[in-house]
file work14.txt (compact mmCIF, C-alpha atoms)
# COMPACT_ATOMS: atom_id res chain seq x y z
CA MET A 264 -7.42 16.50 11.35
CA TRP A 265 -8.73 14.29 14.09
CA GLU A 266 -6.78 16.32 16.62
CA GLU A 267 -8.20 19.55 15.31
CA TYR A 268 -11.85 18.60 14.87
CA GLY A 269 -12.15 15.54 17.11
CA GLU A 270 -14.30 17.35 19.64
CA ASP A 271 -16.87 18.61 17.20
CA VAL A 272 -16.88 15.74 14.76
CA GLN A 273 -17.07 12.05 15.56
CA PHE A 274 -14.34 10.30 13.59
CA PHE A 275 -14.44 6.60 12.85
CA ILE A 276 -11.95 4.51 11.01
CA VAL A 277 -14.01 1.75 9.46
CA TYR A 278 -11.85 -1.27 8.83
CA ILE A 279 -13.11 -3.08 5.76
CA ARG A 280 -11.99 -5.94 3.55
CA GLU A 281 -8.27 -6.00 2.88
CA ALA A 282 -7.26 -4.53 -0.46
CA HIS A 283 -4.15 -6.62 -0.99
CA ALA A 284 -4.31 -9.73 1.16
CA ILE A 285 -1.74 -12.26 0.03
CA ASP A 286 -4.52 -14.69 -0.90
CA SER A 287 -6.44 -12.04 -2.82
CA ARG A 288 -6.53 -11.28 -6.52
CA SER A 289 -4.00 -8.50 -6.20
CA PRO A 290 -1.66 -9.79 -3.54
CA MET A 291 0.98 -7.60 -1.97
CA GLY A 292 3.11 -8.01 1.08
CA GLY A 293 6.64 -8.60 2.20
CA ASP A 294 9.74 -6.47 1.79
CA GLY A 295 8.48 -4.04 4.36
CA MET A 296 4.84 -4.19 3.33
CA PRO A 297 2.28 -5.73 5.64
CA ILE A 298 1.65 -9.42 5.05
CA VAL A 299 -2.01 -10.20 5.65
CA GLU A 300 -4.26 -13.08 4.75
CA ASP A 301 -7.89 -12.29 4.12
CA PRO A 302 -9.61 -12.81 7.50
CA ILE A 303 -12.15 -15.65 7.52
CA SER A 304 -13.96 -14.66 10.71
CA LEU A 305 -14.97 -11.50 12.52
CA ILE A 306 -12.51 -12.37 15.27
CA GLU A 307 -9.71 -12.49 12.74
CA ARG A 308 -10.87 -9.31 11.08
CA LYS A 309 -10.90 -7.55 14.43
CA GLY A 310 -7.46 -8.89 15.21
CA VAL A 311 -6.02 -7.66 11.96
CA ALA A 312 -7.75 -4.31 12.42
CA GLN A 313 -6.19 -3.98 15.83
CA VAL A 314 -2.72 -4.71 14.51
CA CYS A 315 -3.34 -2.21 11.74
CA MET A 316 -4.40 0.51 14.16
CA THR A 317 -1.34 -0.09 16.31
CA LYS A 318 1.18 -0.30 13.51
CA LEU A 319 -0.11 2.78 11.75
CA ASP A 320 -0.30 4.73 15.03
CA LEU A 321 -4.00 5.30 14.56
CA GLU A 322 -5.02 4.07 17.97
CA PRO A 323 -6.38 7.32 19.38
CA ILE A 324 -8.98 7.44 16.63
CA PRO A 325 -12.02 5.25 17.31
CA ALA A 326 -12.27 2.30 14.96
CA LEU A 327 -15.08 0.05 13.85
CA VAL A 328 -14.79 -3.24 12.05
CA ASP A 329 -17.06 -4.06 9.16
CA ASP A 330 -18.95 -7.33 9.56
CA MET A 331 -18.17 -10.42 7.49
CA GLU A 332 -21.08 -9.64 5.17
CA ASP A 333 -19.28 -6.40 4.32
CA THR A 334 -22.41 -4.45 5.20
CA ALA A 335 -20.83 -1.04 5.56
CA ASN A 336 -18.45 -1.56 2.67
CA THR A 337 -21.32 -2.50 0.40
CA ALA A 338 -23.62 0.30 1.51
CA TYR A 339 -20.92 2.91 1.06
CA HIS A 340 -19.02 1.38 -1.88
CA ALA A 341 -16.03 2.00 0.28
CA TRP A 342 -13.42 -0.48 -0.94
CA PRO A 343 -10.48 -0.08 -1.06
CA ASP A 344 -10.65 3.25 0.72
CA ARG A 345 -13.01 6.17 0.75
CA LEU A 346 -13.97 9.17 2.89
CA TYR A 347 -17.42 10.35 3.93
CA LEU A 348 -18.84 13.01 6.14
CA VAL A 349 -22.30 12.44 7.57
CA GLY A 350 -23.95 15.66 8.66
CA LYS A 351 -25.62 16.23 11.99
CA ASP A 352 -28.91 15.69 10.17
CA GLY A 353 -27.87 12.16 9.22
CA ARG A 354 -27.45 13.01 5.57
CA ILE A 355 -24.33 12.56 3.50
CA ALA A 356 -22.46 15.87 3.55
CA TYR A 357 -19.34 14.76 1.75
CA HIS A 358 -18.79 11.79 -0.49
CA GLY A 359 -15.16 11.20 -1.35
CA GLY A 360 -13.88 9.47 -4.45
CA ARG A 361 -12.60 5.93 -4.57
CA GLY A 362 -9.14 5.49 -3.09
CA PRO A 363 -6.30 5.49 -3.35
CA PHE A 364 -6.21 8.01 -6.19
CA GLU A 365 -9.27 9.94 -5.15
CA PHE A 366 -8.72 9.60 -1.43
CA LEU A 367 -8.45 13.30 -0.65
CA PRO A 368 -8.36 14.27 3.02
CA ASP A 369 -8.28 17.97 2.11
CA GLU A 370 -11.75 17.67 0.63
CA LEU A 371 -12.98 16.07 3.81
CA GLU A 372 -11.49 18.86 5.86
CA ASP A 373 -13.24 21.47 3.72
CA ALA A 374 -16.50 19.61 4.22
CA ILE A 375 -15.95 19.50 7.97
CA LYS A 376 -15.29 23.21 8.05
CA ALA A 377 -18.45 23.85 6.08
CA ALA A 378 -20.50 21.57 8.32
CA LEU A 379 -19.26 23.22 11.48
CA ALA A 380 -19.89 26.69 10.06
CA ASP A 381 -23.58 25.93 9.57
CA MET B 179 29.68 15.33 -21.39
CA LYS B 180 27.54 16.77 -18.66
CA ILE B 181 23.92 15.87 -18.26
CA ARG B 182 21.70 18.88 -17.93
CA ASN B 183 20.61 19.24 -14.36
CA THR B 184 16.96 20.10 -14.80
CA ALA B 185 14.19 18.82 -12.64
CA SER B 186 11.54 17.83 -15.13
CA LYS B 187 8.93 15.30 -14.37
CA THR B 188 10.60 12.67 -16.41
CA LEU B 189 13.84 13.06 -14.54
CA VAL B 190 12.20 12.40 -11.28
CA MET B 191 10.11 9.68 -12.79
CA GLY B 192 13.08 7.73 -13.99
CA THR B 193 14.65 7.82 -10.61
CA LEU B 194 11.45 6.91 -8.90
CA ALA B 195 11.14 3.99 -11.22
CA ILE B 196 14.56 2.84 -10.20
CA LEU B 197 13.73 3.50 -6.62
CA ALA B 198 10.52 1.55 -6.76
CA GLN B 199 12.11 -1.34 -8.53
CA ALA B 200 15.03 -1.34 -6.15
CA CYS B 201 12.65 -1.67 -3.23
CA ALA B 202 11.13 -4.74 -4.77
CA THR B 203 14.37 -6.44 -5.61
CA THR B 204 16.01 -6.05 -2.25
CA GLU B 205 16.91 -9.56 -1.24
CA PRO B 206 14.86 -10.86 1.66
CA THR B 207 16.76 -11.86 4.75
CA ASN B 208 17.17 -15.54 5.38
CA GLU B 209 16.73 -15.27 9.11
CA THR B 210 14.89 -18.17 10.59
CA VAL B 211 11.98 -17.11 12.68
CA SER B 212 10.68 -18.96 15.65
CA ASP B 213 7.74 -17.59 17.54
CA ALA B 214 6.42 -20.87 18.85
CA GLY B 215 6.65 -19.59 22.39
CA SER B 216 4.60 -16.44 21.95
CA ALA B 217 1.00 -17.43 22.15
CA THR B 218 -0.34 -13.92 21.89
CA VAL B 219 -3.64 -12.99 20.35
CA GLU B 220 -1.75 -11.41 17.48
CA ALA B 221 0.10 -14.62 16.73
CA SER B 222 -3.14 -16.37 15.92
CA MET B 223 -4.25 -13.65 13.54
CA PRO B 224 -3.68 -13.95 9.80
CA ILE B 225 -1.14 -11.17 9.74
CA ALA B 226 2.62 -11.00 10.09
CA THR B 227 3.45 -9.16 13.29
CA ASP B 228 6.99 -10.41 13.79
CA GLU B 229 9.18 -7.80 12.18
CA SER B 230 11.78 -10.33 11.14
CA ILE B 231 9.26 -11.85 8.74
CA ASP B 232 9.88 -10.16 5.46
CA THR B 233 8.38 -12.35 2.77
CA GLN B 234 5.05 -14.00 2.15
CA TRP B 235 6.73 -17.39 2.19
CA GLU B 236 8.32 -16.81 5.60
CA TYR B 237 4.96 -15.81 6.94
CA LEU B 238 3.15 -18.83 5.54
CA ARG B 239 5.89 -21.25 6.53
CA ASP B 240 5.92 -20.06 10.12
CA ARG B 241 2.18 -20.18 10.34
CA TYR B 242 1.29 -23.35 8.53
CA ASP B 243 4.30 -25.65 8.23
CA GLY B 244 3.40 -27.56 11.37
CA ASP B 245 5.84 -30.43 10.88
CA GLY B 246 8.66 -28.11 9.89
CA ASP B 247 9.55 -30.00 6.71
CA GLY B 248 9.82 -26.84 4.63
CA SER B 249 6.62 -27.40 2.75
CA ILE B 250 2.97 -26.69 3.39
CA SER B 251 0.52 -29.38 2.38
CA ALA B 252 -3.12 -28.79 1.60
CA ASP B 253 -3.98 -30.28 5.00
CA GLU B 254 -1.55 -28.07 6.83
CA TYR B 255 -3.11 -25.01 5.25
CA ASP B 256 -6.11 -25.25 7.48
CA ARG B 257 -8.27 -22.31 6.51
CA GLU B 258 -11.95 -22.81 6.08
CA GLY B 259 -12.91 -22.65 2.45
CA ARG B 260 -9.46 -21.55 1.27
CA THR B 261 -6.91 -23.53 -0.71
CA ILE B 262 -3.23 -23.25 -1.48
CA ASP B 263 -3.83 -23.49 -5.22
CA GLY B 264 -3.35 -19.80 -5.93
CA TRP B 265 0.22 -19.95 -4.61
CA ASP B 266 1.19 -23.36 -5.92
CA GLU B 267 3.16 -22.02 -8.84
CA ASP B 268 4.77 -25.33 -9.83
CA GLY B 269 1.54 -27.26 -9.36
CA ASP B 270 3.02 -29.99 -7.18
CA GLY B 271 0.22 -29.83 -4.63
CA VAL B 272 2.33 -28.42 -1.82
CA LEU B 273 3.78 -25.00 -1.11
CA THR B 274 7.52 -24.67 -0.88
CA GLU B 275 9.89 -21.75 -1.05
CA VAL B 276 10.23 -22.40 -4.77
CA ASP B 277 6.65 -21.29 -5.30
CA PHE B 278 7.57 -17.87 -3.99
CA GLU B 279 10.87 -17.35 -5.72
CA ARG B 280 11.28 -14.39 -7.96
CA GLY B 281 13.27 -13.66 -11.00
CA SER B 282 12.14 -16.60 -13.01
CA GLY B 283 9.14 -17.18 -15.20
CA SER B 284 7.05 -14.67 -17.05
CA GLY B 285 6.91 -11.01 -16.29
CA ALA B 286 3.37 -11.37 -15.07
CA ARG B 287 4.41 -14.09 -12.72
CA ARG B 288 7.34 -12.08 -11.45
CA GLY B 289 5.02 -9.21 -10.76
CA ARG B 290 2.69 -11.41 -8.82
CA ARG B 291 5.35 -13.24 -6.89
CA GLY B 292 7.27 -10.08 -6.24
CA GLY B 293 4.10 -8.85 -4.70
CA MET B 294 4.82 -5.17 -4.59
CA ARG B 295 7.09 -4.82 -7.57
CA ASP B 296 4.86 -3.46 -10.26
CA PRO B 297 2.10 -2.24 -8.00
CA LEU B 298 4.55 -0.25 -5.94
CA ALA B 299 6.11 1.36 -8.94
CA ARG B 300 2.70 2.08 -10.34
CA ARG B 301 1.37 3.62 -7.17
CA MET B 302 4.39 5.75 -6.69
CA MET B 303 4.17 6.89 -10.26
CA SER B 304 0.57 7.75 -9.82
CA ARG B 305 1.37 9.71 -6.70
CA TYR B 306 3.75 11.98 -8.48
CA PHE B 307 2.92 11.68 -12.13
CA GLN B 308 -0.78 11.10 -12.40
CA ASN B 309 -1.11 13.40 -15.31
CA ASP B 310 2.08 12.60 -17.05
CA GLU B 311 1.21 11.22 -20.45
CA ASP B 312 4.30 9.13 -20.52
CA ASN B 313 4.04 7.45 -17.18
CA THR B 314 3.85 3.88 -18.35
CA VAL B 315 7.23 3.44 -19.93
CA VAL B 316 10.61 4.37 -18.59
CA LYS B 317 13.15 4.98 -21.31
CA ARG B 318 16.85 4.59 -21.04
CA THR B 319 17.35 8.25 -21.80
CA GLU B 320 15.06 9.13 -18.93
CA VAL B 321 17.06 7.02 -16.57
CA GLU B 322 20.22 8.70 -17.74
CA GLN B 323 18.63 12.08 -17.22
CA ALA B 324 17.40 11.02 -13.83
CA ILE B 325 20.89 10.13 -12.77
CA GLY B 326 21.97 13.57 -13.86
CA ALA B 327 19.16 15.12 -11.88
CA TYR B 328 20.53 13.73 -8.67
CA ASP B 329 24.21 14.00 -9.42
CA LYS B 330 24.75 17.41 -7.92
CA ASN B 331 28.49 17.64 -8.49
CA PHE B 332 28.40 16.04 -11.94
CA ASP B 333 30.95 13.36 -11.13
CA ASP B 334 28.77 10.57 -12.49
CA VAL B 335 28.54 9.00 -9.06
CA LEU B 336 25.67 9.28 -6.62
CA VAL B 337 26.24 9.17 -2.90
CA ALA B 338 23.67 9.17 -0.12
CA THR B 339 23.94 12.84 0.83
CA GLU B 340 23.62 13.96 -2.75
CA PHE B 341 20.60 11.83 -3.32
CA ARG B 342 18.86 12.94 -0.16
CA GLU B 343 19.45 16.63 -0.74
CA ARG B 344 18.26 16.47 -4.29
CA ALA B 345 15.31 14.24 -3.53
CA SER B 346 14.27 16.75 -0.93
CA GLU B 347 14.53 19.62 -3.42
CA LEU B 348 12.61 17.68 -6.01
CA LYS B 349 10.00 16.67 -3.46
CA VAL B 350 10.28 12.99 -4.27
CA VAL B 351 10.24 10.48 -1.48
CA THR B 352 12.59 11.62 1.21
CA PRO B 353 13.38 10.35 4.66
CA GLY B 354 10.77 11.81 6.94
CA ASP B 355 8.15 11.99 4.22
CA ASP B 356 5.31 10.59 6.24
CA SER B 357 2.46 11.05 3.82
CA PRO B 358 0.12 8.07 4.11
CA MET B 359 0.79 6.80 0.61
CA VAL B 360 4.53 6.79 1.04
CA LYS B 361 4.25 5.30 4.49
CA ARG B 362 2.09 2.56 3.18
CA PHE B 363 4.41 1.58 0.41
CA MET B 364 7.77 2.33 1.88
CA GLY B 365 7.18 1.48 5.51
CA ASP B 366 10.25 2.51 7.47
CA MET B 367 12.58 1.89 4.57
CA ASP B 368 14.97 4.62 3.65
CA PRO B 369 14.78 5.30 -0.08
CA TRP B 370 18.51 5.59 -0.51
CA ASP B 371 19.20 2.39 1.39
CA THR B 372 16.66 0.50 -0.65
CA ILE B 373 18.06 1.82 -3.89
CA ALA B 374 21.57 0.96 -2.82
CA ALA B 375 20.52 -2.51 -1.76
CA GLY B 376 19.05 -3.19 -5.17
CA VAL B 377 21.46 -1.36 -7.40
CA ASP B 378 24.82 -1.01 -5.72
CA SER B 379 26.11 -4.43 -6.63
CA ASP B 380 29.65 -3.89 -5.35
CA GLU B 381 28.38 -2.41 -2.06
CA SER B 382 30.66 0.55 -2.41
CA GLY B 383 28.13 2.94 -0.96
CA GLU B 384 28.14 4.82 -4.24
CA LEU B 385 26.04 4.39 -7.32
CA SER B 386 27.83 4.89 -10.56
CA ARG B 387 26.11 5.52 -13.87
CA ALA B 388 27.17 2.04 -14.88
CA ASP B 389 25.54 0.53 -11.79
CA LEU B 390 22.26 2.22 -12.55
CA LEU B 391 22.21 1.43 -16.22
CA ALA B 392 23.11 -2.18 -15.59
CA PHE B 393 20.26 -2.37 -13.15
CA TYR B 394 17.88 -0.71 -15.56
CA SER B 395 18.90 -2.97 -18.40
CA LYS B 396 17.74 -5.98 -16.45
CA MET B 397 14.21 -4.60 -16.35
CA ALA B 398 14.10 -3.33 -19.88
CA GLY B 399 12.49 -5.30 -22.65
CA ASP B 400 13.79 -5.99 -26.12
CA ALA B 401 13.01 -2.45 -27.17
CA GLY B 402 15.14 -1.10 -24.34
CA ASP B 403 12.17 0.34 -22.45
CA TRP B 404 10.90 -0.64 -19.10
CA LYS B 405 7.12 -0.94 -19.14
CA LEU B 406 5.34 -0.10 -15.95
CA GLU B 407 1.72 -0.72 -16.78
CA GLY B 408 0.98 2.61 -15.20
CA PRO B 409 -2.33 3.83 -13.92
CA PRO B 410 -4.80 5.18 -16.41
CA SER B 411 -3.67 8.70 -17.08
CA GLY B 412 -5.44 11.83 -18.19
CA GLY B 413 -8.13 11.05 -20.69
CA GLN B 414 -7.97 7.34 -20.09
CA ARG B 415 -8.92 7.66 -16.50
CA GLN B 416 -12.48 6.71 -15.87
CA ALA B 417 -14.91 9.38 -14.91
CA ARG B 418 -16.59 8.90 -11.58
CA GLU B 419 -19.38 6.40 -11.74
CA PRO B 420 -22.95 7.54 -11.30
CA ALA B 421 -23.64 8.29 -7.67
CA GLN B 422 -25.93 5.37 -7.03
CA LYS B 423 -23.28 2.95 -8.24
CA ASN B 424 -20.69 4.76 -6.28
CA GLY B 425 -22.05 4.94 -2.77
CA PRO B 426 -24.69 7.19 -1.25
CA ALA B 427 -24.86 10.65 -2.80
CA VAL B 428 -24.55 13.94 -0.99
CA GLY B 429 -27.86 14.95 0.53
CA THR B 430 -29.27 11.44 0.86
CA MET B 431 -29.70 9.77 4.21
CA ALA B 432 -26.55 7.96 5.27
CA PRO B 433 -27.06 4.18 5.23
CA ASP B 434 -27.08 3.07 8.82
CA PHE B 435 -24.88 0.36 10.24
CA GLU B 436 -24.01 -1.06 13.60
CA LEU B 437 -20.44 -2.27 13.96
CA GLU B 438 -18.10 -3.35 16.71
CA ALA B 439 -14.75 -1.92 17.72
CA PRO B 440 -11.66 -4.07 17.09
CA ASP B 441 -10.89 -4.47 20.77
CA GLY B 442 -14.30 -5.17 22.21
CA ASP B 443 -17.84 -6.35 21.70
CA GLN B 444 -19.44 -2.97 22.16
CA SER B 445 -21.15 -1.89 19.03
CA VAL B 446 -21.77 1.55 17.65
CA ARG B 447 -24.77 2.56 15.58
CA LEU B 448 -24.10 5.30 13.09
CA SER B 449 -27.55 6.84 13.42
CA SER B 450 -27.01 7.34 17.14
CA PHE B 451 -25.03 10.46 16.31
CA GLN B 452 -27.86 12.04 14.36
CA GLY B 453 -28.80 15.39 15.86
CA ASN B 454 -25.64 15.33 17.93
CA LYS B 455 -22.59 15.80 15.76
CA PRO B 456 -21.30 15.14 12.27
CA VAL B 457 -19.52 11.85 11.69
CA ALA B 458 -16.42 11.47 9.53
CA LEU B 459 -16.04 7.95 8.14
CA ILE B 460 -12.61 6.85 7.02
CA PHE B 461 -12.93 3.54 5.21
CA GLY B 462 -9.82 1.50 4.58
CA SER B 463 -7.73 -1.56 5.34
CA TYR B 464 -4.15 -2.32 6.25
CA THR B 465 -2.95 -3.08 2.75
call {"tool": "encode", "arguments": {"input": "work14.txt", "output": "structure tokens"}}
result
Amino acid sequence: MWEEYGEDVQFFIVYIREAHAIDSRSPMGGDGMPIVEDPISLIERKGVAQVCMTKLDLEPIPALVDDMEDTANTAYHAWPDRLYLVGKDGRIAYHGGRGPFEFLPDELEDAIKAALAD
Amino acid sequence: MKIRNTASKTLVMGTLAILAQACATTEPTNETVSDAGSATVEASMPIATDESIDTQWEYLRDRYDGDGDGSISADEYDREGRTIDGWDEDGDGVLTEVDFERGSGSGARRGRRGGMRDPLARRMMSRYFQNDEDNTVVKRTEVEQAIGAYDKNFDDVLVATEFRERASELKVVTPGDDSPMVKRFMGDMDPWDTIAAGVDSDESGELSRADLLAFYSKMAGDAGDWKLEGPPSGGQRQAREPAQKNGPAVGTMAPDFELEAPDGDQSVRLSSFQGNKPVALIFGSYT
């Protein structure tokens, strides 16, 4: 999607609080899954985000790292994952459901198409 | 007697359940890891980047067991405001490999220590069977049916090619399925290899009905069912929360933020794109 619309739409991956850090309430990791501790500083969070971008081959897409106060996560109720489209007018054009079950890239794509058609 | 070779949801589900469980029970390698020499930025980050590290314990040991005595004391676990208590399963005040062992203790504990065991199964179920009313319990009959679903030549033995062909037809997880959800939970693991590693006890390269049922029986409770604690399905699933509790609604001004990129100090303000182009925000984390 980024390849198709990247020129007309600014994509950002916003790296927020880990969903399943091994020291979290729902730990996961090992046996092929990423093993991550919950970062305790912005430097750590950036470092983990960078590893994440590399390992998931997301590097071409610009990324931003949420601050340690979880400002963006809180404002957008984003955790654990969620999609938004902000229109050219600065208003929310698409508001995706809470991931992972309602993380629906197709909906985002439809919203992008609609936004670009305007 | 031949098992009917129909591809119903439950057939696939049973196999997926086996698959998911097999992933979680694959024995970790016992390779010793030494990355003392690599003082990269990544090495100092709280994330396992060395691919030979395969368990949470290996990761923690390599990172925190400074004196190499095979245990991590509260002092060694030097993370501001964090303690080792959550991992200290035996309550002896230090972390050792024992605290991360699986296969003993309560089911809840196994799930937690196994890390991905139940969650993986659950997520995979939800991916394929979100609306299946019966997605929380795997029954023996379903497992038997599932075996039949993959056993293309009805010889009661599954081999890799059979499994892969059938899995592809059934659109379950197949090699090359790179959907984000599968990628996230399977990594680079090959489904057949992970099943074989967990189930094929005699390492024959074939899975017999007996292999699979023996494996299943280990998971099953007294009633003979394997409970998955599946995701809320159908009517149980919660409706979306009201918009204001659920992030900014469509049509409202997007909350502004200014954040930095992972690899630099340059920050980006969301509102700087206003009047210029739409912005797609993809929120998420590594796990």
call {"tool": "closest_residue", "arguments": {"input": "work14.txt", "among": "B:Gly259, B:Gly271, B:Gly326, B:Gly399", "to": "chain A", "atoms": "all atoms listed in the file"}}
result
B:Gly259
call {"tool": "residues_around", "arguments": {"input": "work14.txt", "residues": "Glu372 (chain A)", "least_positions_apart": "5", "cutoff": "10 Å", "atoms": "all atoms listed in the file", "output": "list in words"}}
result
Met264, Trp265, Tyr268, Leu348, Tyr357, Leu367, Ala377 and Ala378 of chain A; Ala458 of chain B
call {"tool": "interface_residues", "arguments": {"input": "work14.txt", "of": "chain B", "to": "chain A", "cutoff": "7 Å", "atoms": "all atoms listed in the file", "output": "VMD selection string"}}
result
chain B and resid 202 206 220 223 to 226 232 to 234 293 to 294 363 to 365 424 to 433 435 437 to 441 449 452 to 465
call {"tool": "atom_distance", "arguments": {"input": "work14.txt", "atom1": "CA of Asp434 (chain B)", "atom2": "CA of Arg447 (chain B)"}}
result
7.2 Å
call {"tool": "atom_distance", "arguments": {"input": "work14.txt", "atom1": "CA of Asp389 (chain B)", "atom2": "CA of Val377 (chain B)"}}
result
6.3 Å
call {"tool": "closest_residue", "arguments": {"input": "work14.txt", "among": "B:Tyr394, B:Trp265, B:Phe278, B:Phe451", "to": "Ile325 (chain B)", "atoms": "only C-alpha atoms"}}
result
B:Tyr394
call {"tool": "atom_distance", "arguments": {"input": "work14.txt", "atom1": "CA of Tyr255 (chain B)", "atom2": "CA of Thr317 (chain A)"}}
result
27.3 Å
call {"tool": "residues_around", "arguments": {"input": "work14.txt", "residues": "region 382-385 of chain B", "least_positions_apart": "5", "cutoff": "6 Å", "atoms": "all atoms listed in the file", "output": "list in words"}}
result
Val335, Leu336 and Val337 of chain B
call {"tool": "residues_around", "arguments": {"input": "work14.txt", "residues": "region 316-319 of chain B", "least_positions_apart": "3", "cutoff": "6 Å", "atoms": "all atoms listed in the file", "output": "PDB file with C-alpha atoms, in the coordinates of the input"}}
result
ATOM      1  CA  GLU B 322      20.220   8.700 -17.740  1.00  0.00           C
ATOM      2  CA  ASP B 403      12.170   0.340 -22.450  1.00  0.00           C
ATOM      3  CA  TRP B 404      10.900  -0.640 -19.100  1.00  0.00           C
TER       4      TRP B 404
END
